[in-house]
Amino acid sequence: MDAPRRVAIVGAGPAGLFTAAALLAQAGDDLAIDIFDRLPTPFGLLRYGVAPDHASIKSVATTLARVFEAPHVRFLGLVECGRDVTPTQLRDAYDAVVYAVGASDDRHLGIPGEDLPGSRSARQFVAWYSGHPDAEPQPLAGVRNAVVVGVGNVAVDVARILLKDPADLSATDMPDAVLAELRSAQVEHVWLVGRRGPEHAAFTTPELRELLDTPRIGVTLTGADPASIDLDALERHARANVAAIAAALAEPAIDPVRWLHLVFWHRPAELLGLGQVQGVLLEPTGPRPAYGGFVVPADLVLRSIGYRGVPLPGVPFDNGRIPNLEGRVLELDGSARPGEYAVGWVKRGPVGLIGSNKKDAAETAACVVEDFEFLPRRPLADLDSELAARGIRPSTLADWRRIDAAEIDRGAIRGRERTKIEAWHDLLDLVGNS
Ligand code: NAP
């Protein structure tokens with residue numbers, strides 16, 4: 001009998017793990033899968049992107065973790081593709097390589113003042129409250145007014161975390177230091193700024209409703225009037241969004257303690273401030289703007305205008321993605337590049353919910369399995385020894401299980417299900433080979 005086909009998956013986020021599951025379902029156990037990640041923890045954006053107060057989505061991790069129970073599946077943490085191992089080395093050691101590296105950078109506004117202290121990316125803010133070991137601290141002392149640019153689901157997440165009573169976050173898995181910062185914060189106003197109308201906003205209705213229903217917040221609306229929008233001309237999701245905003249305005253909260261200001265048809269023209277952001281000049285974007293814009297006070301600006309893929313050395317990259325046909329990687333000229341595949345955000349761009357990766361992964365996995373017909377079996381370059389010779393010792397599933405157990409213990413002390421371990425040195429202490 002032939003040795004099992006060997007597949008490397010780069011990235012242990014939802015896209016990578018759904019692909020492993022789909023490969024196992026489609027090709028059975030006659031497959032050896034190594035799943036690499038630069039972190040010692042699997043689950044990618046499920047762990048470090050999904051908001052801590054969205055526990056039900058996070059529970060997908062239980063399903064995804066099942067792939068590690070299959071006999072020939074390994075988790076190799078602390079191995080970064082491009083730094084510790086090159087795509088060429090992976091191609092030499094595996095029959096197929098699947099890139100599931102996501103989109104780890106964010107877009108920029110490209111406006112004056114964007115680099116002032118106090119202007120940050122929502123991606124960094126999310127990483128911080130999710131306890132990502134690379135996240136920078138996000139001090140909130142002195143922040144009363146926050147402006148969030150963009151009206152997608154990430155913008156909604158960060159606005160909700162800023163507006164929510166921190167007591168309502170205390171049961172989540174947020175690191176202690178994050179909760180402490182949020183408890184001492186005194187945010188009063190959050191502006192959410194969309195460059196088009198509420199009917200064009202990218203957020204989904206349940207997420208919008210949850211934000212509008214945040215207890216004890218008042219909601220205002222500038223730049224758009226739901227009554228003048230022709231609901232019949234809209235798709236269901238846009239109609240529901242406009243209706244949710246209209247409903248929130250019609251039933252104002254009694255005794256609001258914080259405010260959500262929705263601003264549509266405006267974009268930031270400049271971030272203003274001396275040595276620190278102090279305000280945002282918003283200019284109208286409609287077809288015939290009647291005025292020059294207005295300034296909102298801002299001690300914190302979070303740009304939340306979408307994520308951006310980062311190229312891997314030697315792998316084609318175009319417009320934030322790896323060019324591909326249904327997951328099969330293509331050269332920039334459109335020609336085939338057998339044995340390499342893409343899945344998730346690096347395949348289709350930074351859009352879609354966690355669940356979107358399931359169908360996407362099934363498509364990529366089907367290509368891999370179909371291609372086994374003609375893909376050569378690679379000479380078994382011994383990547384394990386190559387890495388060991390260079391002093392790179394991947395962390396294992398047992399290491400992750402130790403981190404997992406330690407987080408559950410940390411949480412139990414405070415009556416929580418889990419408290420994230422966010423410091424690199426604490427994570428590495430739990431990795432057996434450190
Ligand atoms: P997104 O959904 O693509 O939204 C980006 C927003 O930024 C849009 O409102 C866009 O407006 C705006 N924008 C882009 N460039 C801009 C500019 N230069 N100036 C002003 N505004 C600009 O991205 P995201 O919020 O980062 O979310 C990424 C994906 O993750 C989405 O599919 C989202 O649904 C998903 N997600 C889901 C959840 C959840 O289910 N709870 C949570 C977080 C993220 P235009 O439309 O005008 O371009």
# chains A, B, ... in the order shown; residues from 1 in each chain; ligands from 1

call {"tool": "residues_near_ligand", "arguments": {"ligand": "ligand 1", "cutoff": "8 Å", "atoms": "only C-alpha atoms and all ligand atoms", "output": "VMD selection string"}}
result
chain A and resid 49 to 51 54 107 to 110 123 149 to 157 193 to 196 200 to 204 207 267 to 268 304 to 307 350 to 354

call {"tool": "residues_around", "arguments": {"residues": "Leu387 of chain A", "least_positions_apart": "6", "cutoff": "10 Å", "atoms": "only C-alpha atoms", "output": "list in words"}}
result
Val79, Asp84, Val85, Arg393 and Pro394 of chain A

call {"tool": "select_by_dssp", "arguments": {"residues": "segment 169-401 of chain A", "states": "alpha helix (DSSP H)", "output": "NGL selection string"}}
result
:A and (176-184 or 205-212 or 236-250 or 345-348 or 356-371 or 383-389 or 397-401)

call {"tool": "closest_residue", "arguments": {"among": "A:Phe68, A:Trp191, A:Phe294, A:Tyr48", "to": "Asp134 of chain A", "atoms": "only C-alpha atoms"}}
result
A:Tyr48

call {"tool": "closest_residue", "arguments": {"among": "A:Ile403, A:Ala65, A:Val277, A:Leu383", "to": "Val147 of chain A", "atoms": "only C-alpha atoms"}}
result
A:Val277

call {"tool": "closest_residue", "arguments": {"among": "A:Cys367, A:Leu282, A:Ala381, A:Leu221", "to": "Thr19 of chain A", "atoms": "only C-alpha atoms"}}
result
A:Cys367
